[in-house]
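upload09.csv (CSV, C-alpha atoms) appears below.
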```
chain,number,residue,atom,x,y,z
E,1,MET,CA,-53.2,22.7,-24.3
E,2,THR,CA,-50.7,23.0,-27.1
E,3,THR,CA,-47.8,20.7,-27.7
E,4,ALA,CA,-44.3,21.9,-28.3
E,5,THR,CA,-42.8,20.1,-31.2
E,6,MET,CA,-39.9,22.5,-32.1
E,7,ASN,CA,-36.9,21.1,-30.3
E,8,PRO,CA,-38.7,21.2,-26.8
E,9,ALA,CA,-35.7,19.7,-25.1
E,10,ALA,CA,-33.6,22.8,-25.8
E,11,LEU,CA,-36.0,24.9,-23.8
E,12,THR,CA,-37.1,22.5,-21.2
E,13,ALA,CA,-34.1,20.4,-20.0
E,14,ASP,CA,-34.8,19.7,-16.3
E,15,TRP,CA,-32.3,21.1,-13.8
E,16,ARG,CA,-31.7,17.5,-12.7
E,17,ASP,CA,-30.5,16.7,-16.2
E,18,PHE,CA,-27.8,19.4,-15.8
E,19,VAL,CA,-26.8,17.7,-12.5
E,20,ALA,CA,-26.7,14.3,-14.3
E,21,LEU,CA,-24.5,15.8,-16.9
E,22,THR,CA,-21.8,16.3,-14.3
E,23,LYS,CA,-21.7,12.6,-13.5
E,24,PRO,CA,-22.2,13.1,-9.7
E,25,ARG,CA,-21.2,9.5,-8.8
E,26,VAL,CA,-17.8,9.8,-10.5
E,27,MET,CA,-17.5,13.2,-8.9
E,28,THR,CA,-17.6,11.8,-5.3
E,29,LEU,CA,-14.3,10.0,-5.8
E,30,VAL,CA,-12.8,13.1,-7.5
E,31,VAL,CA,-13.9,15.3,-4.6
E,32,PHE,CA,-12.7,12.8,-2.0
E,33,THR,CA,-9.2,12.5,-3.5
E,34,GLY,CA,-9.0,16.3,-3.9
E,35,LEU,CA,-10.1,16.7,-0.3
E,36,CYS,CA,-7.5,14.2,0.9
E,37,GLY,CA,-4.8,16.1,-1.1
E,38,LEU,CA,-5.9,19.3,0.6
E,39,LEU,CA,-6.0,17.8,4.1
E,40,ALA,CA,-2.6,16.0,3.7
E,41,ALA,CA,-0.9,19.2,2.6
E,42,PRO,CA,1.3,21.0,5.2
E,43,GLY,CA,0.0,24.4,6.3
E,44,HIS,CA,-3.4,25.7,7.0
E,45,ILE,CA,-6.1,27.5,5.0
E,46,HIS,CA,-9.3,29.0,6.2
E,47,PRO,CA,-12.2,26.4,6.1
E,48,VAL,CA,-14.2,28.7,3.7
E,49,LEU,CA,-11.2,28.7,1.3
E,50,ALA,CA,-10.8,24.9,1.7
E,51,PHE,CA,-14.5,24.6,0.8
E,52,THR,CA,-14.1,26.8,-2.2
E,53,ALA,CA,-11.1,24.7,-3.4
E,54,ILE,CA,-13.1,21.5,-3.2
E,55,LEU,CA,-16.1,23.2,-4.8
E,56,CYS,CA,-13.9,24.3,-7.7
E,57,ILE,CA,-12.5,20.8,-8.1
E,58,ALA,CA,-16.0,19.4,-8.1
E,59,LEU,CA,-17.3,22.0,-10.6
E,60,GLY,CA,-14.2,21.4,-12.8
E,61,ALA,CA,-14.8,17.7,-12.8
E,62,GLY,CA,-18.5,18.3,-13.6
E,63,ALA,CA,-17.6,20.6,-16.4
E,64,ALA,CA,-15.2,18.0,-17.9
E,65,ALA,CA,-18.0,15.3,-17.6
E,66,ALA,CA,-20.5,17.6,-19.3
E,67,LEU,CA,-18.1,18.3,-22.2
E,68,ASN,CA,-17.3,14.6,-22.4
E,69,GLN,CA,-21.0,13.8,-22.9
E,70,TRP,CA,-21.3,16.6,-25.4
E,71,VAL,CA,-18.6,15.0,-27.5
E,72,GLU,CA,-19.8,11.4,-27.0
E,73,ALA,CA,-23.6,12.0,-27.4
E,74,ASP,CA,-23.8,9.8,-30.5
E,75,SER,CA,-21.8,6.9,-29.1
E,76,ASP,CA,-23.5,7.1,-25.7
E,77,GLY,CA,-26.8,6.5,-27.5
E,78,LEU,CA,-25.4,3.2,-28.9
E,79,MET,CA,-24.5,1.8,-25.4
E,80,LYS,CA,-27.1,0.4,-23.0
E,81,ARG,CA,-25.1,1.7,-20.0
E,82,THR,CA,-25.2,5.3,-21.3
E,83,ALA,CA,-28.3,5.5,-23.5
E,84,ASN,CA,-30.4,7.2,-20.8
E,85,ARG,CA,-28.0,10.1,-20.3
E,86,PRO,CA,-29.6,13.5,-21.0
E,87,LEU,CA,-28.2,14.0,-24.5
E,88,PRO,CA,-28.7,10.6,-26.1
E,89,ALA,CA,-32.1,10.3,-24.4
E,90,GLY,CA,-33.1,13.6,-26.1
E,91,ARG,CA,-33.9,15.4,-22.8
E,92,MET,CA,-31.4,18.2,-23.5
E,93,ASP,CA,-30.0,19.7,-26.7
E,94,ARG,CA,-26.3,19.7,-27.4
E,95,GLN,CA,-25.8,23.4,-27.3
E,96,SER,CA,-27.1,23.6,-23.8
E,97,ALA,CA,-24.6,20.9,-22.7
E,98,LEU,CA,-21.8,22.7,-24.5
E,99,HIS,CA,-22.6,26.1,-22.9
E,100,PHE,CA,-23.0,24.5,-19.5
E,101,GLY,CA,-19.7,22.6,-19.8
E,102,VAL,CA,-17.6,25.6,-21.1
E,103,GLY,CA,-19.2,28.0,-18.6
E,104,LEU,CA,-18.6,25.7,-15.7
E,105,SER,CA,-15.0,25.2,-16.8
E,106,PHE,CA,-14.2,28.9,-16.9
E,107,PHE,CA,-16.1,29.5,-13.6
E,108,SER,CA,-14.3,26.8,-11.7
E,109,VAL,CA,-10.8,27.8,-12.9
E,110,ILE,CA,-11.3,31.6,-12.4
E,111,LEU,CA,-12.9,31.1,-8.9
E,112,MET,CA,-10.0,28.8,-7.9
E,113,GLY,CA,-7.5,31.4,-9.2
E,114,LEU,CA,-9.1,34.3,-7.4
E,115,ALA,CA,-9.9,32.6,-4.1
E,116,LEU,CA,-6.9,30.2,-3.7
E,117,ASN,CA,-4.0,30.6,-6.1
E,118,TRP,CA,-3.4,30.6,-9.9
E,119,PHE,CA,-1.0,27.6,-9.7
E,120,ALA,CA,-3.9,25.4,-8.5
E,121,ALA,CA,-6.2,27.0,-11.0
E,122,ALA,CA,-3.7,26.3,-13.8
E,123,ILE,CA,-3.6,22.6,-12.8
E,124,LEU,CA,-7.4,22.5,-12.7
E,125,GLY,CA,-7.6,24.0,-16.2
E,126,VAL,CA,-5.0,21.6,-17.5
E,127,SER,CA,-6.9,18.6,-16.0
E,128,ILE,CA,-10.2,19.7,-17.7
E,129,LEU,CA,-8.5,20.3,-21.1
E,130,PHE,CA,-6.6,17.0,-20.8
E,131,TYR,CA,-9.8,15.0,-20.1
E,132,VAL,CA,-11.7,16.7,-22.9
E,133,PHE,CA,-9.1,17.0,-25.7
E,134,VAL,CA,-6.5,14.4,-24.9
E,135,TYR,CA,-8.7,11.6,-23.5
E,136,THR,CA,-12.2,12.1,-24.9
E,137,ILE,CA,-11.5,13.5,-28.4
E,138,TRP,CA,-8.0,12.2,-29.2
E,139,LEU,CA,-7.3,8.9,-27.4
E,140,LYS,CA,-10.6,7.3,-26.6
E,141,PRO,CA,-11.8,6.7,-30.2
E,142,ARG,CA,-8.3,5.8,-31.4
E,143,THR,CA,-6.4,3.5,-29.1
E,144,ALA,CA,-7.0,0.6,-26.7
E,145,GLN,CA,-4.5,2.3,-24.4
E,146,ASN,CA,-6.9,5.3,-24.1
E,147,ILE,CA,-7.6,4.9,-20.4
E,148,VAL,CA,-3.9,4.3,-19.5
E,149,ILE,CA,-2.8,7.7,-20.7
E,150,GLY,CA,-6.2,9.3,-20.2
E,151,GLY,CA,-6.2,8.1,-16.6
E,152,ALA,CA,-3.9,11.1,-15.8
E,153,ALA,CA,-7.0,13.3,-16.0
E,154,GLY,CA,-8.5,11.6,-13.0
E,155,ALA,CA,-5.2,11.7,-11.1
E,156,PHE,CA,-5.0,15.5,-10.9
E,157,PRO,CA,-7.5,16.2,-8.0
E,158,PRO,CA,-5.1,15.4,-5.0
E,159,VAL,CA,-2.4,17.5,-6.8
E,160,ILE,CA,-4.9,20.4,-7.1
E,161,GLY,CA,-6.0,20.0,-3.5
E,162,TRP,CA,-2.4,20.1,-2.3
E,163,ALA,CA,-1.5,23.1,-4.6
E,164,ALA,CA,-4.6,25.0,-3.3
E,165,VAL,CA,-3.0,24.9,0.2
E,166,THR,CA,0.7,25.2,-0.5
E,167,GLY,CA,0.9,26.9,-3.9
E,168,ASP,CA,3.3,24.2,-5.2
E,169,VAL,CA,3.6,20.5,-5.8
E,170,SER,CA,6.0,18.2,-3.9
E,171,ALA,CA,6.7,14.4,-3.7
E,172,LEU,CA,3.5,13.2,-1.9
E,173,PRO,CA,1.0,14.7,-4.3
E,174,ILE,CA,3.1,13.3,-7.2
E,175,ALA,CA,3.0,9.9,-5.5
E,176,LEU,CA,-0.8,10.2,-5.1
E,177,PHE,CA,-1.1,11.2,-8.7
E,178,CYS,CA,0.9,8.0,-9.7
E,179,LEU,CA,-1.3,5.8,-7.5
E,180,ILE,CA,-4.5,7.0,-9.2
E,181,PHE,CA,-2.8,6.8,-12.6
E,182,PHE,CA,-1.8,3.2,-12.2
E,183,TRP,CA,-5.1,2.3,-10.4
E,184,THR,CA,-7.1,3.4,-13.4
E,185,PRO,CA,-6.3,0.6,-15.9
E,186,PRO,CA,-7.3,-2.3,-13.6
E,187,HIS,CA,-10.3,-0.4,-12.4
E,188,PHE,CA,-11.6,0.6,-15.8
E,189,TRP,CA,-10.7,-2.7,-17.6
E,190,ALA,CA,-12.6,-4.7,-15.0
E,191,LEU,CA,-15.7,-2.7,-16.0
E,192,ALA,CA,-14.8,-2.9,-19.7
E,193,LEU,CA,-14.7,-6.7,-19.5
E,194,TYR,CA,-18.4,-7.0,-18.6
E,195,VAL,CA,-19.7,-4.1,-20.7
E,196,ARG,CA,-17.6,-5.2,-23.7
E,197,PRO,CA,-20.6,-5.7,-26.0
E,198,ASP,CA,-21.6,-2.1,-25.3
E,199,TYR,CA,-18.2,-0.7,-26.3
E,200,ALA,CA,-18.1,-3.0,-29.3
E,201,ALA,CA,-21.6,-1.7,-30.4
E,202,ALA,CA,-20.4,1.9,-30.1
E,203,GLY,CA,-17.1,1.2,-31.9
E,204,ILE,CA,-15.0,2.4,-29.0
E,205,PRO,CA,-11.6,0.5,-29.1
E,206,MET,CA,-11.5,-0.5,-25.4
E,207,LEU,CA,-8.9,-3.2,-24.7
E,208,PRO,CA,-11.4,-6.1,-24.4
E,209,VAL,CA,-12.8,-5.2,-27.8
E,210,VAL,CA,-9.5,-4.8,-29.6
E,211,ALA,CA,-7.2,-7.2,-27.9
E,212,GLY,CA,-9.7,-9.7,-26.4
E,213,GLU,CA,-10.5,-10.8,-22.9
E,214,ARG,CA,-7.4,-12.9,-22.3
E,215,GLU,CA,-5.1,-10.0,-23.0
E,216,THR,CA,-7.2,-7.6,-20.9
E,217,ARG,CA,-7.1,-10.0,-17.9
E,218,ARG,CA,-3.3,-10.3,-18.3
E,219,GLN,CA,-2.9,-6.5,-18.4
E,220,ILE,CA,-5.2,-6.0,-15.4
E,221,TRP,CA,-2.8,-8.3,-13.5
E,222,GLY,CA,0.2,-6.5,-14.8
E,223,TYR,CA,-1.0,-3.0,-13.9
E,224,THR,CA,-2.1,-4.2,-10.5
E,225,ALA,CA,1.5,-5.1,-9.8
E,226,ILE,CA,2.6,-1.6,-10.9
E,227,MET,CA,-0.2,0.0,-8.9
E,228,ALA,CA,1.0,-1.9,-5.8
E,229,VAL,CA,4.4,-0.3,-6.2
E,230,ALA,CA,2.7,3.1,-6.5
E,231,ALA,CA,0.6,2.3,-3.4
E,232,PHE,CA,3.8,1.6,-1.3
E,233,ALA,CA,5.8,4.5,-2.7
E,234,PRO,CA,4.6,7.0,-0.1
E,235,VAL,CA,5.9,4.6,2.7
E,236,LEU,CA,9.1,3.7,0.9
E,237,LEU,CA,9.9,7.4,0.3
E,238,ARG,CA,9.1,8.1,4.0
E,239,LEU,CA,6.3,10.5,3.0
E,240,THR,CA,3.9,8.6,5.2
E,241,GLY,CA,4.3,6.4,8.2
E,242,ALA,CA,3.4,2.9,9.5
E,243,LEU,CA,-0.4,3.5,9.7
E,244,TYR,CA,-0.7,4.2,5.9
E,245,GLY,CA,1.8,1.3,5.2
E,246,THR,CA,-0.3,-1.2,7.2
E,247,VAL,CA,-3.5,-0.1,5.5
E,248,ALA,CA,-1.9,-0.1,2.1
E,249,LEU,CA,-0.5,-3.6,2.6
E,250,VAL,CA,-3.9,-5.1,3.6
E,251,ALA,CA,-6.0,-3.2,1.1
E,252,THR,CA,-3.5,-3.9,-1.8
E,253,LEU,CA,-3.3,-7.6,-0.9
E,254,LEU,CA,-7.1,-7.8,-1.2
E,255,PHE,CA,-6.9,-5.9,-4.5
E,256,ALA,CA,-4.3,-8.4,-5.7
E,257,VAL,CA,-6.5,-11.3,-4.7
E,258,LEU,CA,-9.5,-9.9,-6.6
E,259,ALA,CA,-7.3,-9.0,-9.6
E,260,PHE,CA,-5.9,-12.6,-9.7
E,261,ARG,CA,-9.4,-14.0,-9.7
E,262,VAL,CA,-10.1,-11.8,-12.8
E,263,PHE,CA,-6.7,-12.9,-14.3
E,264,SER,CA,-7.4,-16.6,-13.8
E,265,SER,CA,-11.1,-16.5,-14.9
E,266,LEU,CA,-12.1,-18.0,-18.2
E,267,GLU,CA,-15.6,-16.6,-18.1
E,268,LEU,CA,-16.8,-15.2,-21.5
E,269,ASP,CA,-20.4,-14.3,-20.7
E,270,PRO,CA,-20.6,-10.7,-19.4
E,271,ALA,CA,-23.7,-11.5,-17.3
E,272,LYS,CA,-21.7,-14.1,-15.3
E,273,MET,CA,-18.6,-12.1,-14.7
E,274,LYS,CA,-18.8,-11.9,-10.9
E,275,ALA,CA,-15.0,-11.6,-10.3
E,276,GLU,CA,-14.8,-8.6,-12.7
E,277,ARG,CA,-17.8,-6.8,-11.0
E,278,ALA,CA,-16.2,-7.5,-7.5
E,279,LEU,CA,-12.9,-6.0,-8.6
E,280,PHE,CA,-14.6,-3.0,-10.1
E,281,ARG,CA,-16.6,-2.3,-6.9
E,282,TYR,CA,-13.6,-3.0,-4.6
E,283,SER,CA,-11.3,-0.8,-6.7
E,284,ILE,CA,-13.5,2.2,-5.8
E,285,LEU,CA,-13.5,1.4,-2.1
E,286,TYR,CA,-9.7,0.7,-2.3
E,287,LEU,CA,-9.0,4.3,-3.4
E,288,PHE,CA,-11.2,5.7,-0.6
E,289,ILE,CA,-9.4,3.6,2.0
E,290,LEU,CA,-5.9,4.5,0.8
E,291,PHE,CA,-6.5,8.2,0.5
E,292,GLY,CA,-8.3,8.2,3.9
E,293,ALA,CA,-5.3,6.4,5.4
E,294,VAL,CA,-2.9,9.0,3.9
E,295,VAL,CA,-4.8,11.8,5.6
E,296,PHE,CA,-4.9,10.1,9.0
E,297,ASP,CA,-1.3,9.1,8.8
E,298,ARG,CA,-0.2,12.7,8.0
E,299,TRP,CA,-2.3,14.0,10.9
E,300,MET,CA,-0.7,11.5,13.2
E,301,LEU,CA,2.8,12.4,12.0
E,302,ALA,CA,2.0,16.0,12.5
I,303,MET,CA,-35.0,6.7,-35.9
I,304,THR,CA,-33.7,10.3,-36.3
I,305,ALA,CA,-32.6,12.5,-33.5
I,306,GLN,CA,-35.8,14.7,-33.9
I,307,GLU,CA,-38.0,11.6,-33.6
I,308,ASN,CA,-36.1,10.5,-30.6
I,309,LYS,CA,-36.9,13.7,-28.6
I,310,PRO,CA,-39.7,13.4,-26.1
I,311,VAL,CA,-42.8,15.5,-26.8
I,312,ILE,CA,-43.5,17.8,-23.9
I,313,ASP,CA,-46.7,19.9,-23.3
I,314,GLU,CA,-46.6,23.6,-22.6
I,315,ALA,CA,-47.5,23.4,-18.9
I,316,GLN,CA,-44.6,21.0,-18.4
I,317,ILE,CA,-42.2,23.4,-20.2
I,318,ARG,CA,-43.3,26.3,-17.9
I,319,ALA,CA,-42.9,24.1,-14.8
I,320,ARG,CA,-39.4,23.1,-15.8
I,321,GLN,CA,-38.4,26.7,-16.6
I,322,GLN,CA,-39.7,27.8,-13.2
I,323,ALA,CA,-37.8,25.0,-11.4
I,324,ARG,CA,-34.6,25.9,-13.4
I,325,ALA,CA,-35.0,29.6,-12.5
I,326,LYS,CA,-35.4,28.7,-8.8
I,327,VAL,CA,-32.3,26.5,-8.8
I,328,LEU,CA,-30.3,29.2,-10.6
I,329,ALA,CA,-31.5,31.8,-8.1
I,330,LEU,CA,-30.4,29.6,-5.2
I,331,ALA,CA,-27.0,29.0,-6.9
I,332,LEU,CA,-26.5,32.7,-7.5
I,333,GLY,CA,-27.5,33.5,-3.9
I,334,ALA,CA,-25.0,30.9,-2.6
I,335,PHE,CA,-22.3,32.3,-4.9
I,336,VAL,CA,-22.9,35.9,-3.6
I,337,ILE,CA,-22.5,34.6,0.0
I,338,LEU,CA,-19.4,32.7,-0.9
I,339,VAL,CA,-17.8,35.7,-2.6
I,340,PHE,CA,-18.7,37.8,0.4
I,341,ALA,CA,-17.1,35.3,2.8
I,342,ILE,CA,-13.9,35.0,0.6
I,343,SER,CA,-13.6,38.8,0.5
I,344,ILE,CA,-13.9,39.1,4.2
I,345,ILE,CA,-11.3,36.4,4.8
I,346,LYS,CA,-8.9,38.0,2.2
I,347,MET,CA,-9.3,41.5,3.7
I,348,THR,CA,-8.7,40.3,7.3
I,349,GLY,CA,-5.6,38.4,6.2
I,350,LYS,CA,-6.9,35.0,7.4
I,351,GLY,CA,-6.5,33.4,4.0
```

Could you express the structure from this file as structure tokens?
Amino acid sequence: MTTATMNPAALTADWRDFVALTKPRVMTLVVFTGLCGLLAAPGHIHPVLAFTAILCIALGAGAAAALNQWVEADSDGLMKRTANRPLPAGRMDRQSALHFGVGLSFFSVILMGLALNWFAAAILGVSILFYVFVYTIWLKPRTAQNIVIGGAAGAFPPVIGWAAVTGDVSALPIALFCLIFFWTPPHFWALALYVRPDYAAAGIPMLPVVAGERETRRQIWGYTAIMAVAAFAPVLLRLTGALYGTVALVATLLFAVLAFRVFSSLELDPAKMKAERALFRYSILYLFILFGAVVFDRWMLA
Amino acid sequence: MTAQENKPVIDEAQIRARQQARAKVLALALGAFVILVFAISIIKMTGKG
């Protein structure tokens, strides 16, 4: 039996590695918020077209994740959390990842345009380009505010879902966009606090690395307050009813309690940062709860 | 350690097995895509979209 020594990964990347390149776990939240945007929108589309819209959002998110990993292959290799991804682990060559990401990007945008409408396709295209060029290439290696502005990339799915049904964008999808946008800093910085050594080793200027833990905790608390306003905006603007308002009140109060625990914590050892891990885990659940509540509320209003 | 040294060494049988698995997954994906395009076409033609 012969042994392949000439760049074997280029020929033999497992199909599971291509799936891993799309960050499936991150995709679940993207798909869910996109689906909620689609379900909350007024009007009706055929279930097959709705499925196609969600498939396009998922593939677009996967394409952006693949291109993100293509750009960050070197720095991913320096971080414990990401060192086992297909590119830094050497299970796939860079060109395959680039071709996969670019191909999937075009495929998702064109399919969205042909099956649904070109306005939704344009927003999907902008979200992919924003994530890759504005967040990954421009902001992430340069500024500690990278995920504040870059968070917009993750906020597009409910807008795309809405636009797929209606062909336009109105106040509610913009409110949902703002909710994810202001949710991103406390969500991401909670994680950044306990993986700070990883980011420092890779030279990525995340807020805890650049400004320190005290400042990060202060900003998590500050952005939680802004996020709370964004969470109540749909009720205050009468875009949703009492059901969403009640759920948002309870869920946001719990978020605030967990964020306050992070704010008041003096823990410096990442291994002992329980409050930060709890906030990170709950922040994901929080978004699922609020978006689910928006859909149920809109259905009840209808 | 260089990138080349970092790459796992894989024997030929494993390469063939992975290529076959990739081909099967791609065939399934293409089959699903054909069905999806067919369904979308029918919906568009009947005006239900």

Grab the atom CA of Thr22 of chain E to atom CA of Glu72 of chain E distance for me, in Å with one decimal place.
->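 These two atoms are separated by 13.8 Å.
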
Within 12 Å of Leu301 of chain E using all atoms listed in the file, minus same-chain residues under 4 positions, as number ranges by chain = E: 40, 42, 238-244, 294-297

For the atom pair atom CA of Gly161 of chain E and atom CA of Trp15 of chain E, what is the interatomic distance in Å to one decimal place?
-> 28.3 Å

Counting only C-alpha atoms, which residues from chain E have an atom at most 12 Å from any atom of chain I, and could you show them as a PyMOL selection string?
-> chain E and resi 1-19+43-53+55-56+73-74+77+83-84+86-94+107-108+111-112+114-117+164-166

Near Pro270 of chain E, counting only C-alpha atoms, which residues have an atom at most 9 Å away, once you skip same-chain residues fewer than 5 positions from it, shown as a list of chain:residue names?
-> E:Leu193, E:Tyr194, E:Val195, E:Arg196, E:Pro197

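Going from atom CA of Gly151 of chain E over to atom CA of Thr184 of chain E, you cover 5.8 Å.
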
Compile the contact shell of Leu21 of chain E as a short mmCIF file (atom, residue, chain, number, x, y, z; two decimals) with C-alpha atoms, in the frame of the given file: residues with an atom at most 10 Å away, counting all atoms listed in the file, same-chain residues fewer than 5 positions apart removed.
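Below is the file around33.cif, written as the result:
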```cif
data_model
loop_
_atom_site.label_atom_id
_atom_site.label_comp_id
_atom_site.auth_asym_id
_atom_site.auth_seq_id
_atom_site.Cartn_x
_atom_site.Cartn_y
_atom_site.Cartn_z
CA TRP E 15 -32.30 21.10 -13.80
CA ARG E 16 -31.70 17.50 -12.70
CA GLY E 62 -18.50 18.30 -13.60
CA ALA E 63 -17.60 20.60 -16.40
CA ALA E 64 -15.20 18.00 -17.90
CA ALA E 65 -18.00 15.30 -17.60
CA ALA E 66 -20.50 17.60 -19.30
CA LEU E 67 -18.10 18.30 -22.20
CA ASN E 68 -17.30 14.60 -22.40
CA GLN E 69 -21.00 13.80 -22.90
CA TRP E 70 -21.30 16.60 -25.40
CA ARG E 85 -28.00 10.10 -20.30
CA PRO E 86 -29.60 13.50 -21.00
CA LEU E 87 -28.20 14.00 -24.50
CA MET E 92 -31.40 18.20 -23.50
CA ALA E 97 -24.60 20.90 -22.70
CA PHE E 100 -23.00 24.50 -19.50
CA GLY E 101 -19.70 22.60 -19.80
#
```

Within 9 Å of (-6.9, 3.9, -17.2) (coordinates as in the file), grab all the protein and nucleic acid residues, counting all atoms listed in the file, and write them out as a VMD selection string.
-> chain E and resid 145 to 152 154 180 to 189

Dump C-alpha atoms for the selected residues as a compact mmCIF listing (two decimals), keeping the file's coordinate frame?
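Contents of again.txt, as written:
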```txt
# COMPACT_ATOMS: atom_id res chain seq x y z
CA GLN E 145 -4.50 2.30 -24.40
CA ASN E 146 -6.90 5.30 -24.10
CA ILE E 147 -7.60 4.90 -20.40
CA VAL E 148 -3.90 4.30 -19.50
CA ILE E 149 -2.80 7.70 -20.70
CA GLY E 150 -6.20 9.30 -20.20
CA GLY E 151 -6.20 8.10 -16.60
CA ALA E 152 -3.90 11.10 -15.80
CA GLY E 154 -8.50 11.60 -13.00
CA ILE E 180 -4.50 7.00 -9.20
CA PHE E 181 -2.80 6.80 -12.60
CA PHE E 182 -1.80 3.20 -12.20
CA TRP E 183 -5.10 2.30 -10.40
CA THR E 184 -7.10 3.40 -13.40
CA PRO E 185 -6.30 0.60 -15.90
CA PRO E 186 -7.30 -2.30 -13.60
CA HIS E 187 -10.30 -0.40 -12.40
CA PHE E 188 -11.60 0.60 -15.80
CA TRP E 189 -10.70 -2.70 -17.60
```

Find, counting all atoms listed in the file, the residue in E:Ile284, E:Arg142, E:Phe156, E:Arg25 that gets nearest to Met206 of chain E.
->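 That would be E:Arg142, the residue with the smallest distance to Met206 of chain E.
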